[in-house]
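Below is the file structure_36.tsv, which contains TSV, C-alpha atoms.
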```tsv
chain	number	residue	atom	x	y	z
T	22	MET	CA	209.14	24.47	24.64
T	23	ASN	CA	210.49	24.07	21.13
T	24	PHE	CA	209.03	21.75	18.52
T	25	SER	CA	211.84	19.16	18.89
T	26	SER	CA	211.14	18.66	22.62
T	27	LEU	CA	207.43	18.34	21.91
T	28	ILE	CA	208.07	15.55	19.42
T	29	ARG	CA	210.30	13.64	21.88
T	30	LYS	CA	207.67	13.80	24.68
T	31	THR	CA	204.98	12.65	22.27
T	32	LEU	CA	207.12	9.69	21.26
T	33	LEU	CA	207.66	8.71	24.91
T	34	LEU	CA	203.94	8.85	25.62
T	35	TRP	CA	203.27	6.54	22.67
T	36	ILE	CA	206.15	4.10	23.22
T	37	PHE	CA	205.84	3.56	27.01
T	38	PRO	CA	202.38	1.91	26.97
T	39	LEU	CA	203.43	-0.23	24.03
T	40	VAL	CA	206.50	-1.42	25.90
T	41	LEU	CA	204.37	-2.37	28.91
T	42	SER	CA	201.87	-4.08	26.66
T	43	GLY	CA	204.61	-5.96	24.85
T	44	CYS	CA	206.14	-7.23	28.13
T	45	GLY	CA	202.79	-8.36	29.44
T	46	SER	CA	201.84	-10.28	26.33
T	47	ALA	CA	205.15	-12.10	25.90
T	48	THR	CA	205.16	-15.83	26.48
T	49	ALA	CA	207.46	-16.37	29.44
T	50	PRO	CA	209.43	-19.63	29.72
T	51	ASP	CA	207.13	-22.06	31.52
T	52	PHE	CA	208.93	-24.26	34.08
T	53	SER	CA	206.28	-26.96	33.96
T	54	ALA	CA	206.38	-27.18	30.17
T	55	MET	CA	210.18	-27.28	30.11
T	56	SER	CA	210.27	-29.99	32.81
T	57	SER	CA	207.69	-32.06	30.96
T	58	LYS	CA	209.63	-31.74	27.71
T	59	TYR	CA	212.82	-32.84	29.43
T	60	ALA	CA	211.06	-35.80	31.09
T	61	ASN	CA	209.68	-36.97	27.73
T	62	THR	CA	213.09	-36.60	26.09
T	63	LEU	CA	214.78	-38.52	28.89
T	64	GLU	CA	212.18	-41.30	28.70
T	65	GLN	CA	212.72	-41.76	24.95
T	66	TYR	CA	216.49	-41.58	25.50
T	67	GLN	CA	216.31	-44.42	28.02
T	68	ILE	CA	214.04	-46.57	25.82
T	69	ASN	CA	216.30	-46.09	22.79
T	70	MET	CA	219.44	-46.89	24.82
T	71	ILE	CA	217.99	-50.21	26.03
T	72	PHE	CA	216.71	-51.06	22.55
T	73	GLN	CA	220.06	-50.23	20.98
T	74	ASN	CA	221.89	-52.52	23.41
T	75	ILE	CA	219.45	-55.34	22.63
T	76	LEU	CA	220.34	-54.89	18.94
T	77	ARG	CA	224.05	-54.85	19.84
T	78	SER	CA	223.59	-58.11	21.72
T	79	SER	CA	221.80	-59.65	18.73
T	80	GLU	CA	224.91	-58.96	16.63
T	81	ASN	CA	227.41	-59.99	19.34
T	82	ARG	CA	228.70	-56.43	19.63
T	83	PRO	CA	229.78	-54.91	22.96
T	84	VAL	CA	227.09	-53.07	24.88
T	85	SER	CA	227.54	-49.61	26.36
T	86	PHE	CA	225.38	-47.65	28.77
T	87	LEU	CA	225.09	-43.93	29.41
T	88	ASP	CA	223.21	-42.00	32.07
T	89	MET	CA	222.02	-38.40	32.46
T	90	PRO	CA	222.49	-37.67	36.18
T	91	THR	CA	222.03	-33.87	36.11
T	92	ILE	CA	220.42	-31.15	34.02
T	93	ASN	CA	220.48	-27.37	34.31
T	94	GLY	CA	218.09	-25.06	32.48
T	95	SER	CA	217.56	-21.34	32.07
T	96	GLY	CA	214.96	-19.10	30.39
T	97	SER	CA	215.10	-15.43	29.46
T	98	ILE	CA	213.08	-12.63	27.83
T	99	THR	CA	214.69	-9.61	26.13
T	100	SER	CA	212.57	-6.67	24.97
T	101	THR	CA	213.99	-3.95	22.68
T	102	PRO	CA	211.92	-0.82	21.88
T	103	SER	CA	212.25	0.57	18.35
T	104	LEU	CA	211.09	3.71	16.51
T	105	SER	CA	210.55	4.43	12.85
T	106	ALA	CA	209.70	8.06	11.90
T	107	LEU	CA	209.17	9.48	8.43
T	108	PHE	CA	208.99	13.19	7.63
T	109	ALA	CA	207.82	14.79	4.48
T	110	GLY	CA	211.34	16.00	3.91
T	111	GLY	CA	212.86	12.48	4.55
T	112	ALA	CA	213.50	10.04	7.38
T	113	PHE	CA	214.09	11.56	10.82
T	114	PRO	CA	217.69	10.87	11.86
T	115	ALA	CA	217.93	8.78	15.04
T	116	ASN	CA	220.54	11.06	16.63
T	117	ALA	CA	219.16	14.38	15.34
T	118	SER	CA	219.00	17.20	17.89
T	119	TYR	CA	217.20	19.54	15.51
T	120	LEU	CA	214.42	19.48	12.98
T	121	PRO	CA	214.79	20.46	9.36
T	122	ILE	CA	213.64	23.96	8.60
T	123	SER	CA	211.31	22.77	5.81
T	124	GLY	CA	209.10	19.69	5.68
T	125	GLY	CA	206.54	18.16	8.07
T	126	LEU	CA	205.93	14.95	10.10
T	127	ALA	CA	204.28	12.32	7.87
T	128	THR	CA	204.34	9.01	9.88
T	129	LEU	CA	205.64	7.89	13.25
T	130	THR	CA	205.74	4.06	14.06
T	131	PRO	CA	206.92	2.93	17.53
T	132	GLY	CA	207.39	-0.82	18.27
T	133	VAL	CA	208.89	-3.44	20.57
T	134	SER	CA	210.85	-6.59	19.55
T	135	LEU	CA	210.89	-9.56	21.96
T	136	THR	CA	213.36	-12.45	22.20
T	137	VAL	CA	212.54	-15.56	24.27
T	138	GLY	CA	215.28	-18.09	24.92
T	139	ASN	CA	215.52	-21.46	26.70
T	140	ASN	CA	218.88	-23.17	27.34
T	141	PHE	CA	219.60	-26.62	28.75
T	142	ASN	CA	222.92	-28.04	29.87
T	143	PHE	CA	223.10	-31.71	30.86
T	144	THR	CA	225.83	-34.18	31.71
T	145	GLN	CA	226.17	-37.62	30.16
T	146	SER	CA	228.00	-40.19	32.26
T	147	SER	CA	229.27	-43.59	31.14
T	148	LEU	CA	228.43	-46.64	33.24
T	149	ASP	CA	231.40	-48.58	31.88
T	150	ASN	CA	233.16	-49.14	35.20
T	151	ALA	CA	233.95	-52.11	37.45
T	152	VAL	CA	231.35	-51.26	40.12
T	153	PHE	CA	228.48	-51.23	37.63
T	154	TRP	CA	229.64	-54.23	35.62
T	155	LYS	CA	230.13	-56.42	38.67
T	156	GLY	CA	226.42	-56.22	39.47
T	157	TYR	CA	225.46	-56.24	35.80
T	158	LEU	CA	227.25	-59.55	35.18
T	159	SER	CA	226.21	-61.22	38.46
T	160	GLU	CA	223.28	-63.61	38.65
T	161	LEU	CA	220.11	-61.86	39.78
T	162	PRO	CA	219.28	-62.52	43.44
T	163	ILE	CA	216.01	-64.39	43.90
T	164	GLU	CA	214.64	-61.52	46.00
T	165	ASN	CA	214.96	-59.28	42.92
T	166	VAL	CA	212.69	-61.69	41.07
T	167	ARG	CA	210.24	-61.46	43.97
T	168	TYR	CA	209.96	-57.66	43.44
T	169	PHE	CA	208.27	-58.23	40.09
T	170	GLU	CA	205.88	-61.04	41.00
T	171	HIS	CA	202.63	-59.12	40.82
T	172	ASN	CA	199.32	-59.66	39.09
T	173	HIS	CA	199.97	-56.91	36.51
T	174	ILE	CA	203.11	-58.69	35.25
T	175	PRO	CA	202.41	-62.06	33.56
T	176	LYS	CA	204.53	-64.69	35.30
T	177	GLU	CA	205.38	-66.34	31.97
T	178	VAL	CA	206.95	-63.07	30.76
T	179	LEU	CA	208.96	-62.51	33.94
T	180	LEU	CA	210.26	-66.08	34.17
T	181	SER	CA	211.02	-66.24	30.44
T	182	LEU	CA	213.28	-63.23	30.92
T	183	VAL	CA	215.06	-64.35	34.11
T	184	VAL	CA	215.28	-68.17	33.78
T	185	ASP	CA	218.33	-69.19	31.77
T	186	GLU	CA	218.06	-72.98	31.87
T	187	ILE	CA	216.37	-75.93	33.58
T	188	VAL	CA	218.52	-78.97	34.41
T	189	ILE	CA	216.68	-82.21	35.22
T	190	THR	CA	218.72	-85.10	36.62
T	191	LYS	CA	217.01	-88.47	36.33
T	192	PRO	CA	217.28	-91.22	38.99
T	193	ASN	CA	219.78	-93.13	36.82
T	194	GLY	CA	222.07	-90.09	36.72
T	195	ASP	CA	221.27	-88.89	33.21
T	196	THR	CA	221.13	-85.10	32.92
T	197	HIS	CA	218.71	-83.28	30.65
T	198	THR	CA	219.55	-79.59	30.13
T	199	LEU	CA	216.91	-77.30	28.64
T	200	ILE	CA	218.29	-73.91	27.57
T	201	ASN	CA	216.03	-70.90	27.13
T	202	ASN	CA	217.27	-69.85	23.70
T	203	PRO	CA	214.88	-69.53	20.71
T	204	LEU	CA	217.78	-70.29	18.35
T	205	ARG	CA	218.18	-73.79	19.83
T	206	PRO	CA	216.00	-76.77	18.85
T	207	GLU	CA	215.05	-77.62	22.48
T	208	HIS	CA	213.41	-74.24	23.10
T	209	PRO	CA	209.82	-75.55	22.67
T	210	GLU	CA	210.55	-78.27	25.25
T	211	PHE	CA	211.95	-75.67	27.64
T	212	GLN	CA	208.74	-73.68	27.31
T	213	LYS	CA	206.67	-76.81	27.94
T	214	HIS	CA	208.44	-77.49	31.26
T	215	LEU	CA	208.41	-73.82	32.26
T	216	TYR	CA	204.65	-73.58	31.74
T	217	LYS	CA	204.14	-76.82	33.64
T	218	LEU	CA	206.11	-75.46	36.60
T	219	ILE	CA	204.21	-72.15	36.47
T	220	ASN	CA	200.90	-74.00	36.56
T	221	TYR	CA	202.16	-75.97	39.58
T	222	GLY	CA	202.85	-72.65	41.34
T	223	LEU	CA	206.55	-71.94	40.74
T	224	GLY	CA	207.59	-68.64	42.29
T	225	ALA	CA	210.05	-66.85	44.57
T	226	TYR	CA	209.19	-67.61	48.19
T	227	LEU	CA	210.89	-66.85	51.50
T	228	VAL	CA	211.81	-70.21	53.05
T	229	ASP	CA	213.40	-71.30	56.30
T	230	THR	CA	217.03	-72.30	55.67
T	231	SER	CA	218.00	-72.71	59.33
T	232	GLN	CA	220.75	-75.23	60.06
T	233	LYS	CA	221.80	-77.17	63.15
T	234	ILE	CA	225.12	-76.20	64.75
T	235	GLY	CA	226.85	-79.24	66.15
T	236	PRO	CA	225.25	-81.90	68.41
T	237	PRO	CA	222.73	-81.20	71.21
T	238	VAL	CA	224.33	-79.73	74.35
T	239	SER	CA	223.36	-79.23	77.97
T	240	ALA	CA	222.89	-75.87	79.68
T	241	ASN	CA	226.33	-76.15	81.34
T	242	ASN	CA	228.01	-76.88	78.01
T	243	ILE	CA	226.30	-73.85	76.47
T	244	LYS	CA	227.86	-71.55	79.06
T	245	SER	CA	231.24	-73.17	78.64
T	246	ARG	CA	231.11	-72.73	74.84
T	247	PHE	CA	229.59	-69.25	74.63
T	248	GLY	CA	230.53	-67.71	78.03
T	249	ASP	CA	228.44	-66.28	80.86
T	250	ASN	CA	226.50	-64.07	78.44
T	251	ALA	CA	225.75	-67.07	76.25
T	252	PHE	CA	222.12	-66.31	75.56
T	253	GLN	CA	222.80	-62.67	74.62
T	254	VAL	CA	225.71	-63.66	72.39
T	255	MET	CA	223.63	-66.35	70.66
T	256	LYS	CA	220.72	-63.96	70.15
T	257	GLU	CA	222.95	-61.38	68.47
T	258	ALA	CA	224.42	-64.11	66.24
T	259	GLY	CA	220.96	-65.35	65.18
T	260	ILE	CA	221.27	-68.64	67.04
T	261	THR	CA	218.31	-70.16	68.82
T	262	LEU	CA	218.02	-73.20	71.12
T	263	GLN	CA	215.55	-75.98	70.48
T	264	LYS	CA	214.74	-78.42	73.24
T	265	VAL	CA	215.52	-82.04	72.39
T	266	ASN	CA	212.70	-84.39	73.39
T	267	GLY	CA	213.18	-88.02	74.43
T	268	SER	CA	216.52	-87.47	76.14
T	269	SER	CA	217.29	-88.57	79.71
T	270	GLU	CA	218.85	-85.18	80.43
T	271	LEU	CA	217.88	-81.65	79.44
T	272	LEU	CA	219.55	-81.01	76.08
T	273	PHE	CA	219.27	-78.18	73.58
T	274	GLN	CA	220.04	-78.13	69.89
T	275	PRO	CA	221.71	-74.87	68.70
T	276	ILE	CA	220.20	-73.75	65.39
T	277	GLN	CA	221.47	-70.98	63.10
T	278	VAL	CA	218.30	-69.18	62.05
T	279	SER	CA	218.17	-67.87	58.47
T	280	MET	CA	215.50	-67.08	55.90
T	281	GLN	CA	216.25	-66.90	52.18
T	282	TYR	CA	214.29	-66.56	48.97
T	283	LYS	CA	214.08	-69.65	46.80
T	284	LEU	CA	212.54	-70.35	43.40
T	285	CYS	CA	210.28	-73.23	44.37
T	286	ILE	CA	206.74	-74.65	44.57
T	287	LYS	CA	204.56	-74.70	47.64
T	288	THR	CA	202.95	-77.99	48.60
T	289	ASN	CA	199.73	-78.55	46.66
T	290	LYS	CA	197.39	-81.27	45.45
T	291	TYR	CA	199.79	-82.21	42.63
T	292	GLU	CA	202.55	-83.15	45.07
T	293	ASN	CA	202.91	-86.77	43.95
T	294	PHE	CA	203.12	-85.90	40.26
T	295	ILE	CA	205.61	-83.07	40.88
T	296	ARG	CA	207.82	-85.25	43.07
T	297	GLN	CA	207.91	-88.06	40.50
T	298	GLU	CA	208.91	-85.71	37.66
T	299	TYR	CA	211.12	-83.12	39.35
T	300	GLY	CA	212.00	-84.58	42.75
T	301	PRO	CA	211.40	-83.23	46.27
T	302	GLU	CA	213.93	-80.36	46.04
T	303	ILE	CA	211.58	-78.27	43.90
T	304	PHE	CA	209.32	-77.78	46.93
T	305	CYS	CA	209.79	-74.85	49.29
T	306	GLU	CA	209.58	-77.14	52.34
T	307	GLU	CA	209.73	-80.83	53.11
T	308	THR	CA	206.57	-82.39	51.73
T	309	LEU	CA	204.21	-84.70	53.59
T	310	ALA	CA	205.32	-87.58	51.40
T	311	GLU	CA	208.93	-87.00	52.41
T	312	GLN	CA	208.04	-86.88	56.10
T	313	THR	CA	206.01	-90.11	56.07
T	314	LYS	CA	207.98	-92.32	53.68
T	315	GLN	CA	209.70	-95.44	54.96
T	316	PRO	CA	213.47	-95.47	55.60
T	317	SER	CA	213.99	-97.98	52.77
T	318	ALA	CA	212.25	-95.63	50.36
T	319	ALA	CA	214.47	-92.77	51.47
T	320	LYS	CA	217.47	-94.51	49.97
T	321	LYS	CA	215.81	-94.73	46.57
T	322	LEU	CA	217.21	-92.37	44.00
T	323	GLN	CA	214.90	-89.57	42.98
T	324	PRO	CA	214.99	-87.01	40.19
T	325	LYS	CA	216.40	-83.57	40.83
T	326	ILE	CA	215.84	-80.20	39.21
T	327	ALA	CA	218.01	-77.10	39.12
T	328	ILE	CA	216.79	-73.74	37.79
T	329	ARG	CA	219.47	-71.26	36.83
T	330	ILE	CA	218.73	-67.53	36.95
T	331	ARG	CA	220.16	-65.03	34.50
T	332	SER	CA	222.18	-61.89	35.08
T	333	THR	CA	221.02	-58.55	33.66
T	334	ASN	CA	223.62	-58.98	30.92
T	335	ASN	CA	222.17	-62.38	29.99
T	336	ILE	CA	218.67	-60.87	29.73
T	337	PHE	CA	220.04	-58.50	27.06
T	338	GLU	CA	221.67	-61.49	25.36
T	339	TYR	CA	218.40	-63.44	25.47
T	340	LEU	CA	216.36	-60.61	23.91
T	341	GLY	CA	219.09	-60.27	21.30
T	342	GLU	CA	218.56	-63.95	20.46
T	343	VAL	CA	214.79	-63.31	20.27
T	344	VAL	CA	215.47	-60.53	17.74
T	345	ARG	CA	217.81	-62.74	15.68
T	346	ALA	CA	215.26	-65.57	15.60
T	347	GLN	CA	212.56	-63.14	14.47
T	348	LEU	CA	214.70	-61.66	11.69
T	349	ASN	CA	215.88	-65.07	10.44
T	350	THR	CA	214.45	-66.76	7.34
T	351	PRO	CA	211.97	-68.19	8.10
T	352	PRO	CA	211.21	-65.97	11.09
T	353	TYR	CA	210.54	-67.46	14.50
T	354	ILE	CA	208.60	-65.23	16.90
T	355	VAL	CA	208.75	-66.14	20.58
T	356	THR	CA	205.17	-66.21	21.87
T	357	LEU	CA	204.04	-66.62	25.47
T	358	PRO	CA	200.44	-67.83	25.69
T	359	PRO	CA	198.65	-66.69	28.86
T	360	THR	CA	198.58	-68.79	32.01
T	361	ALA	CA	195.61	-69.00	34.35
T	362	THR	CA	196.55	-65.81	36.24
T	363	THR	CA	197.43	-63.62	33.22
T	364	PHE	CA	195.37	-60.48	32.72
T	365	ARG	CA	194.95	-59.91	28.96
T	366	ASP	CA	194.85	-56.15	28.45
T	367	ASN	CA	195.63	-56.35	24.70
T	368	LYS	CA	193.13	-59.08	23.87
T	369	GLY	CA	192.52	-59.60	20.17
T	370	SER	CA	195.41	-57.47	18.90
T	371	LYS	CA	198.00	-58.70	16.43
T	372	ASN	CA	201.11	-60.25	18.04
T	373	GLU	CA	199.13	-60.35	21.28
T	374	PHE	CA	201.44	-62.82	23.05
T	375	ALA	CA	204.74	-62.03	21.29
T	376	LEU	CA	207.56	-61.35	23.74
T	377	PHE	CA	209.43	-58.81	21.58
T	378	ILE	CA	208.57	-57.40	18.15
T	379	VAL	CA	211.17	-55.68	15.95
T	380	ASP	CA	210.79	-54.38	12.39
T	381	LYS	CA	213.72	-53.89	10.02
T	382	ASN	CA	213.55	-51.12	7.40
T	383	LYS	CA	209.79	-50.93	7.76
T	384	PRO	CA	208.46	-47.34	7.92
T	385	THR	CA	206.25	-46.93	10.99
T	386	PRO	CA	204.59	-43.66	11.99
T	387	ARG	CA	205.61	-42.64	15.52
T	388	PRO	CA	207.24	-45.94	16.56
T	389	PHE	CA	207.76	-46.88	20.22
T	390	ALA	CA	211.52	-46.87	19.53
T	391	ALA	CA	213.70	-46.55	16.44
T	392	ILE	CA	217.45	-47.01	16.00
T	393	GLU	CA	219.74	-46.59	13.00
T	394	ALA	CA	222.27	-49.43	13.03
T	395	LEU	CA	225.87	-49.38	11.83
T	396	ASP	CA	224.80	-50.92	8.51
T	397	ASP	CA	222.37	-47.98	7.98
T	398	SER	CA	219.37	-50.27	8.55
T	399	ILE	CA	216.50	-48.85	10.61
T	400	TYR	CA	215.24	-51.09	13.41
T	401	SER	CA	212.03	-50.13	15.16
T	402	ILE	CA	209.52	-51.31	17.73
T	403	PRO	CA	206.02	-50.43	16.49
T	404	SER	CA	203.76	-48.47	18.78
T	405	GLN	CA	200.84	-50.81	18.02
T	406	ASP	CA	200.64	-54.62	17.85
T	407	ASN	CA	203.97	-54.95	19.64
T	408	GLY	CA	203.03	-57.68	22.14
T	409	TYR	CA	204.99	-57.53	25.39
T	410	SER	CA	207.75	-55.32	23.93
T	411	PRO	CA	207.07	-52.24	26.13
T	412	LEU	CA	206.81	-54.46	29.22
T	413	ALA	CA	210.12	-56.16	28.40
T	414	ILE	CA	211.80	-52.74	28.00
T	415	LYS	CA	210.26	-51.59	31.29
T	416	LEU	CA	211.46	-54.64	33.22
T	417	LEU	CA	214.95	-54.29	31.75
T	418	ALA	CA	215.03	-50.62	32.79
T	419	GLN	CA	214.14	-51.60	36.36
T	420	PHE	CA	216.74	-54.37	36.45
T	421	MET	CA	219.25	-51.79	35.20
T	422	SER	CA	218.26	-49.36	37.96
T	423	LEU	CA	219.08	-52.02	40.57
T	424	GLN	CA	222.67	-51.99	39.25
T	425	LYS	CA	223.07	-48.23	39.82
T	426	ILE	CA	224.59	-48.43	43.27
T	427	PRO	CA	226.91	-45.78	44.83
T	428	GLY	CA	230.08	-45.59	42.80
T	429	SER	CA	228.59	-46.97	39.58
T	430	ILE	CA	227.71	-43.50	38.22
T	431	PRO	CA	230.70	-41.13	37.88
T	432	ALA	CA	230.53	-37.78	39.66
T	433	SER	CA	229.18	-34.93	37.55
T	434	PRO	CA	230.16	-33.34	35.29
T	435	SER	CA	231.38	-36.06	33.01
T	436	VAL	CA	230.57	-34.91	29.49
T	437	LEU	CA	228.83	-31.52	29.34
T	438	LEU	CA	226.49	-31.03	26.40
T	439	LYS	CA	224.89	-27.69	25.51
```

Can you present the structure in this file as structure tokens?
Amino acid sequence: MNFSSLIRKTLLLWIFPLVLSGCGSATAPDFSAMSSKYANTLEQYQINMIFQNILRSSENRPVSFLDMPTINGSGSITSTPSLSALFAGGAFPANASYLPISGGLATLTPGVSLTVGNNFNFTQSSLDNAVFWKGYLSELPIENVRYFEHNHIPKEVLLSLVVDEIVITKPNGDTHTLINNPLRPEHPEFQKHLYKLINYGLGAYLVDTSQKIGPPVSANNIKSRFGDNAFQVMKEAGITLQKVNGSSELLFQPIQVSMQYKLCIKTNKYENFIRQEYGPEIFCEETLAEQTKQPSAAKKLQPKIAIRIRSTNNIFEYLGEVVRAQLNTPPYIVTLPPTATTFRDNKGSKNEFALFIVDKNKPTPRPFAAIEALDDSIYSIPSQDNGYSPLAIKLLAQFMSLQKIPGSIPASPSVLLK
């Protein structure tokens, strides 16, 4: 064995363990860490998008929504062994097949270089299409309001977001319209009536809205109208028969059975006061006073109340108005004092009952959200002393999710970002 072969074998014996050691000590791409990082990025992306559209609404600019339906990621490790040898007679050539006649081996330094890479590709889809906007502009169904009626969500916050206006019609026909807009002078009066209704028990309840179908009929007439399979046909159509008492013959009243959610008040000890101020239609069912009143009293005109619910678009418009009122001179901050059922988890903090807090060009370390506007101003939601701001963003995100029905999100890929 010549001296050149001996050197090569020695190098292999030194380099091989180092290569193994280098591969074992490398930090491999961690799937859990990458997923967590993506989840945090997506969360902040969603918060900023909602906040930005609130700011757009405050300036009467068109809103626009994007979605990230898919993401693909990859991780890789590349290891490259290297060798640096120095002889007394000069550096050892990398491709040398011989040794110099004179000179000796001075130093020999093997090594390994590692490269770790993570790549993400994700698609960004626009929600600006007719399917999405039809639901986005439509008035929220009452059952959607019912989804959010829980003890951890203050009722005054939920109803302030979803109630657009209260219309009270007096017995003489005069109409009093209270609009939920902090930029209007009647906003304090709107809040007064809203809080009064909340204290009376206003909420979304499932009520019986069944209606009679025609006059009472006999059993023979039922078969003649609905056929031999009358009872099966009526059952499938949601029609039930109610026996009519006090008739000389056996008669049945066909009733179309239906149950719907209604924003109303259940009968309580304040029934007389509620009926005098808002009329009987605010109740979920016919009250005892309505059932027992004399026929002459039934003809007497009574007040009426109508509560209009917002669309998701109008909730953005409302929060935009809240921002404008707050940034006006002098500023007006919409505050929602707690009702009897409100759990105060931020008791004693600044802006404790503020609905939405926004700072303009005010440096804040690690804000909850921050957006640079078209005029180069920086708008931010502080991470502390921000009232109900995070809850308002959360509720808006959930209302937005209810609009993402099949067909509202374009098929991927839409716009591919790397």

Which of T:Leu262, T:Asp185, T:Tyr400, T:Ile163 sits closest to Leu348 in chain T [using all atoms listed in the file]: T:Tyr400

Distance query Leu204 in chain T at most 10 Å, only C-alpha atoms, self and fewer than 2 positions along chain excluded, as an NGL selection string: :T and (200-202 or 206-208 or 339 or 342-343 or 345-347 or 349 or 353)

Spatial neighbours of Asp195 in chain T, max dist 12 Å, all atoms listed in the file, sep filter under 6 positions, as a PyMOL selection string: chain T and resi 188-189+323-326

Can you write out the residues you just picked, keeping C-alpha atoms, as a compact mmCIF listing (two decimals), in the frame of the given file?
```txt
# COMPACT_ATOMS: atom_id res chain seq x y z
CA VAL T 188 218.52 -78.97 34.41
CA ILE T 189 216.68 -82.21 35.22
CA GLN T 323 214.90 -89.57 42.98
CA PRO T 324 214.99 -87.01 40.19
CA LYS T 325 216.40 -83.57 40.83
CA ILE T 326 215.84 -80.20 39.21
```

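The space between CA of Glu164 in chain T and CA of Ser332 in chain T spans 13.3 Å.
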
Residue neighbourhood Ser429 in chain T, 9 Å, all atoms listed in the file, exclusion window fewer than 3 positions, as a ChimeraX atom specification: /T:148-154,424-426

Residues near Lys176 in chain T, cut-off 10 Å, all atoms listed in the file, skip fewer than 4 positions along chain, as a ChimeraX atom specification: /T:169-172,180-182,216,219,223-224,359-363

Using only C-alpha atoms: which of T:Phe304, T:Phe72, T:Tyr66, T:Tyr299 has the shortest distance to Val379 in chain T: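 Of the candidates, the smallest distance to Val379 in chain T is held by T:Phe72.
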
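The spacing separating CA of Arg365 in chain T from CA of Gly408 in chain T amounts to 10.8 Å.
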
Gap from CA of Val278 in chain T to CA of Ser231 in chain T - Å, one decimal: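 Spanning CA of Val278 in chain T to CA of Ser231 in chain T is a straight-line distance of 4.5 Å.
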
Test item: which residues lie within 12 Å of (224.8, -65.8, 68.9) counting only C-alpha atoms, as a list in words: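 These residues have at least one counted atom within 12 Å: Ile234, Ile243, Arg246, Phe247, Gly248, Asn250, Ala251, Phe252, Gln253, Val254, Met255, Lys256, Glu257, Ala258, Gly259, Ile260, Thr261, Leu262, Pro275, Ile276, Gln277 and Val278 of chain T.
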
Proximity to His214 in chain T - best of T:Asp366, T:Gln405, T:Glu298, T:Leu227, all atoms listed in the file: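 Nearest to His214 in chain T: T:Glu298.
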
Protein and nucleic acid residues near (217.2, -71.4, 39.1) (cut-off 8 Å, only C-alpha atoms) as a PyMOL selection string: chain T and resi 184-187+284+327-330

Residue subset to file, keeping C-alpha atoms, as a short mmCIF file (atom, residue, chain, number, x, y, z; two decimals), in the coordinates of the input:
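Output below, filename again03.cif:
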```
data_model
loop_
_atom_site.label_atom_id
_atom_site.label_comp_id
_atom_site.auth_asym_id
_atom_site.auth_seq_id
_atom_site.Cartn_x
_atom_site.Cartn_y
_atom_site.Cartn_z
CA VAL T 184 215.28 -68.17 33.78
CA ASP T 185 218.33 -69.19 31.77
CA GLU T 186 218.06 -72.98 31.87
CA ILE T 187 216.37 -75.93 33.58
CA LEU T 284 212.54 -70.35 43.40
CA ALA T 327 218.01 -77.10 39.12
CA ILE T 328 216.79 -73.74 37.79
CA ARG T 329 219.47 -71.26 36.83
CA ILE T 330 218.73 -67.53 36.95
#
```

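You can rank T:Thr190, T:Arg167, T:Lys381, T:Ser410 by their closest distance to Asp397 in chain T using all atoms listed in the file, and at the top of that list sits T:Lys381.
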
Nearest residue to Asn335 in chain T from the set T:Asn293, T:Ser78, T:Ser401, T:Gln274 (distances using all atoms listed in the file):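 Residue with the minimum atom-to-atom distance to Asn335 in chain T: T:Ser78.
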
Nearest candidate to Tyr291 in chain T (options T:Ser147, T:Ser422, T:Thr385, T:Asn220; using only C-alpha atoms):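 Ranking T:Ser147, T:Ser422, T:Thr385, T:Asn220 by distance to Tyr291 in chain T, first place goes to T:Asn220.
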